[in-house]
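Novice: Sharing a structure, written as structure tokens. Questions coming.
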Amino acid sequence: MKAVIRQIAIERIGILIQNAISNSRSNPALAQRQANLAKKISTKYRIRMPYHIKMNFCKKCKKFIVPGIGARIRMGRSSVKSIRITCSFCNYTYRKIISKAQ
Ligand SMILES: [Zn+2]
């Protein structure tokens, strides 16, 4: 695959996710569609979603969830810095480690 096509696909994913985030409050259905489209592009071109984008998809129902809108976020209390994300669609809670010892 041409690097240029790949680059365009990556950009499109970024733009779609940006739009989805900004639309998630006013137009959740549109946000969901844009997020799904971004996902389709990533599958089609075999582009790995960046970590911060992947975090916006619920692990269980695969819906696009925006922190503060489609999801509740709580800070973990352990020594490892982590957040707990609760999906408002299916109520599934998962933990994300935000900083790892390197
Ligand atoms: Zn969910």
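By convention here, the chains of the structure tokens are called A, B, ... in the order presented, each chain's residues are numbered starting at 1, and ligands are numbered starting at 1 in the order presented.
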Identify, with DSSP run on backbone atoms, the residues in chain A assigned to alpha helix (DSSP H), and express the list as number ranges by chain.
Specialist: A: 3-23, 28-44, 51-54
Novice: As a quick test: using only C-alpha atoms and all ligand atoms, which residues lie no more than 12 Å away from ligand 1? Give them as number ranges by chain.
Specialist: A: 55-66, 70-72, 85-94
Novice: Would you return as an NGL selection string the members of chain A that DSSP assigns to strand (DSSP E) on this structure's backbone?
Specialist: :A and (71-75 or 82-87 or 93-97)
Novice: Let's have the selection written as a JSON list (two decimals), in the first residue's frame, with N, CA, C and O atoms.
Specialist:
```
[["chain", "number", "residue", "atom", "x", "y", "z"],
["A", 71, "ALA", "N", -19.59, 8.39, 29.06],
["A", 71, "ALA", "CA", -18.89, 7.54, 30.02],
["A", 71, "ALA", "C", -18.60, 8.31, 31.30],
["A", 71, "ALA", "O", -18.46, 9.53, 31.29],
["A", 72, "ARG", "N", -18.56, 7.58, 32.37],
["A", 72, "ARG", "CA", -18.16, 8.18, 33.63],
["A", 72, "ARG", "C", -16.71, 7.79, 33.90],
["A", 72, "ARG", "O", -16.31, 6.65, 33.68],
["A", 73, "ILE", "N", -15.94, 8.71, 34.36],
["A", 73, "ILE", "CA", -14.53, 8.45, 34.59],
["A", 73, "ILE", "C", -14.22, 8.66, 36.06],
["A", 73, "ILE", "O", -14.63, 9.65, 36.65],
["A", 74, "ARG", "N", -13.53, 7.71, 36.61],
["A", 74, "ARG", "CA", -13.07, 7.87, 37.98],
["A", 74, "ARG", "C", -11.61, 7.53, 38.09],
["A", 74, "ARG", "O", -11.14, 6.60, 37.44],
["A", 75, "MET", "N", -10.92, 8.26, 38.90],
["A", 75, "MET", "CA", -9.51, 7.98, 39.09],
["A", 75, "MET", "C", -9.36, 6.76, 40.00],
["A", 75, "MET", "O", -10.09, 6.62, 40.97],
["A", 82, "SER", "N", -4.31, 5.04, 37.19],
["A", 82, "SER", "CA", -5.29, 4.47, 36.29],
["A", 82, "SER", "C", -6.62, 5.19, 36.44],
["A", 82, "SER", "O", -6.87, 5.85, 37.44],
["A", 83, "ILE", "N", -7.44, 5.03, 35.43],
["A", 83, "ILE", "CA", -8.78, 5.58, 35.51],
["A", 83, "ILE", "C", -9.79, 4.47, 35.26],
["A", 83, "ILE", "O", -9.50, 3.51, 34.56],
["A", 84, "ARG", "N", -10.93, 4.64, 35.84],
["A", 84, "ARG", "CA", -12.01, 3.68, 35.62],
["A", 84, "ARG", "C", -13.04, 4.34, 34.72],
["A", 84, "ARG", "O", -13.49, 5.44, 35.00],
["A", 85, "ILE", "N", -13.36, 3.66, 33.65],
["A", 85, "ILE", "CA", -14.31, 4.20, 32.70],
["A", 85, "ILE", "C", -15.57, 3.35, 32.74],
["A", 85, "ILE", "O", -15.50, 2.13, 32.59],
["A", 86, "THR", "N", -16.69, 4.00, 32.98],
["A", 86, "THR", "CA", -17.96, 3.28, 32.97],
["A", 86, "THR", "C", -18.75, 3.72, 31.75],
["A", 86, "THR", "O", -19.04, 4.89, 31.59],
["A", 87, "CYS", "N", -19.07, 2.75, 30.92],
["A", 87, "CYS", "CA", -19.83, 3.03, 29.71],
["A", 87, "CYS", "C", -21.29, 3.29, 30.07],
["A", 87, "CYS", "O", -21.88, 2.52, 30.82],
["A", 93, "THR", "N", -17.67, -1.46, 33.19],
["A", 93, "THR", "CA", -16.58, -0.65, 33.71],
["A", 93, "THR", "C", -15.25, -1.30, 33.38],
["A", 93, "THR", "O", -15.08, -2.50, 33.57],
["A", 94, "TYR", "N", -14.35, -0.53, 32.84],
["A", 94, "TYR", "CA", -13.03, -1.06, 32.60],
["A", 94, "TYR", "C", -11.97, -0.06, 33.04],
["A", 94, "TYR", "O", -12.23, 1.13, 33.18],
["A", 95, "ARG", "N", -10.82, -0.58, 33.26],
["A", 95, "ARG", "CA", -9.76, 0.23, 33.83],
["A", 95, "ARG", "C", -8.71, 0.52, 32.78],
["A", 95, "ARG", "O", -8.37, -0.34, 31.98],
["A", 96, "LYS", "N", -8.24, 1.73, 32.78],
["A", 96, "LYS", "CA", -7.17, 2.09, 31.86],
["A", 96, "LYS", "C", -6.00, 2.60, 32.69],
["A", 96, "LYS", "O", -6.16, 3.47, 33.53],
["A", 97, "ILE", "N", -4.85, 2.03, 32.42],
["A", 97, "ILE", "CA", -3.66, 2.53, 33.10],
["A", 97, "ILE", "C", -3.12, 3.69, 32.30],
["A", 97, "ILE", "O", -2.89, 3.55, 31.09]]
```
Novice: Tell me which protein, DNA and RNA residues are within 12 Å of Leu37 in chain A, counting only C-alpha atoms, leaving out same-chain ones fewer than 2 positions away, and put them as a list in words.
Specialist: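 With the cut-off at 12 Å, the set is Ala9, Arg12, Ile13, Gly14, Ile15, Leu16, Ile17, Asn19, Ala20, Leu30, Ala31, Gln32, Arg33, Gln34, Ala35, Lys39, Lys40, Ile41, Ser42, Thr43, Lys44, Lys63 and Phe64 of chain A.
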Novice: By how many Å are CA of Asn27 in chain A and CA of Ile53 in chain A apart?
Specialist: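 A separation of 19.1 Å between them.
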Novice: Looking at A:Pro50, A:Ala29, A:Asn23, A:Gly68, which one is nearest to Glu11 in chain A, with distances taken over only C-alpha atoms?
Specialist: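 Checking each candidate against Glu11 in chain A, we get A:Pro50 as the closest.
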Novice: Pick the closest to Pro67 in chain A from A:Ser22, A:Met49, A:Val4, A:Asn36: which is it, counting only C-alpha atoms?
Specialist: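 Between A:Ser22, A:Met49, A:Val4, A:Asn36, the residue approaching Pro67 in chain A most closely is A:Ser22.
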Novice: Which distance in Å separates CA of Val80 in chain A and CA of Ile47 in chain A, to one decimal?
Specialist: 29.1 Å
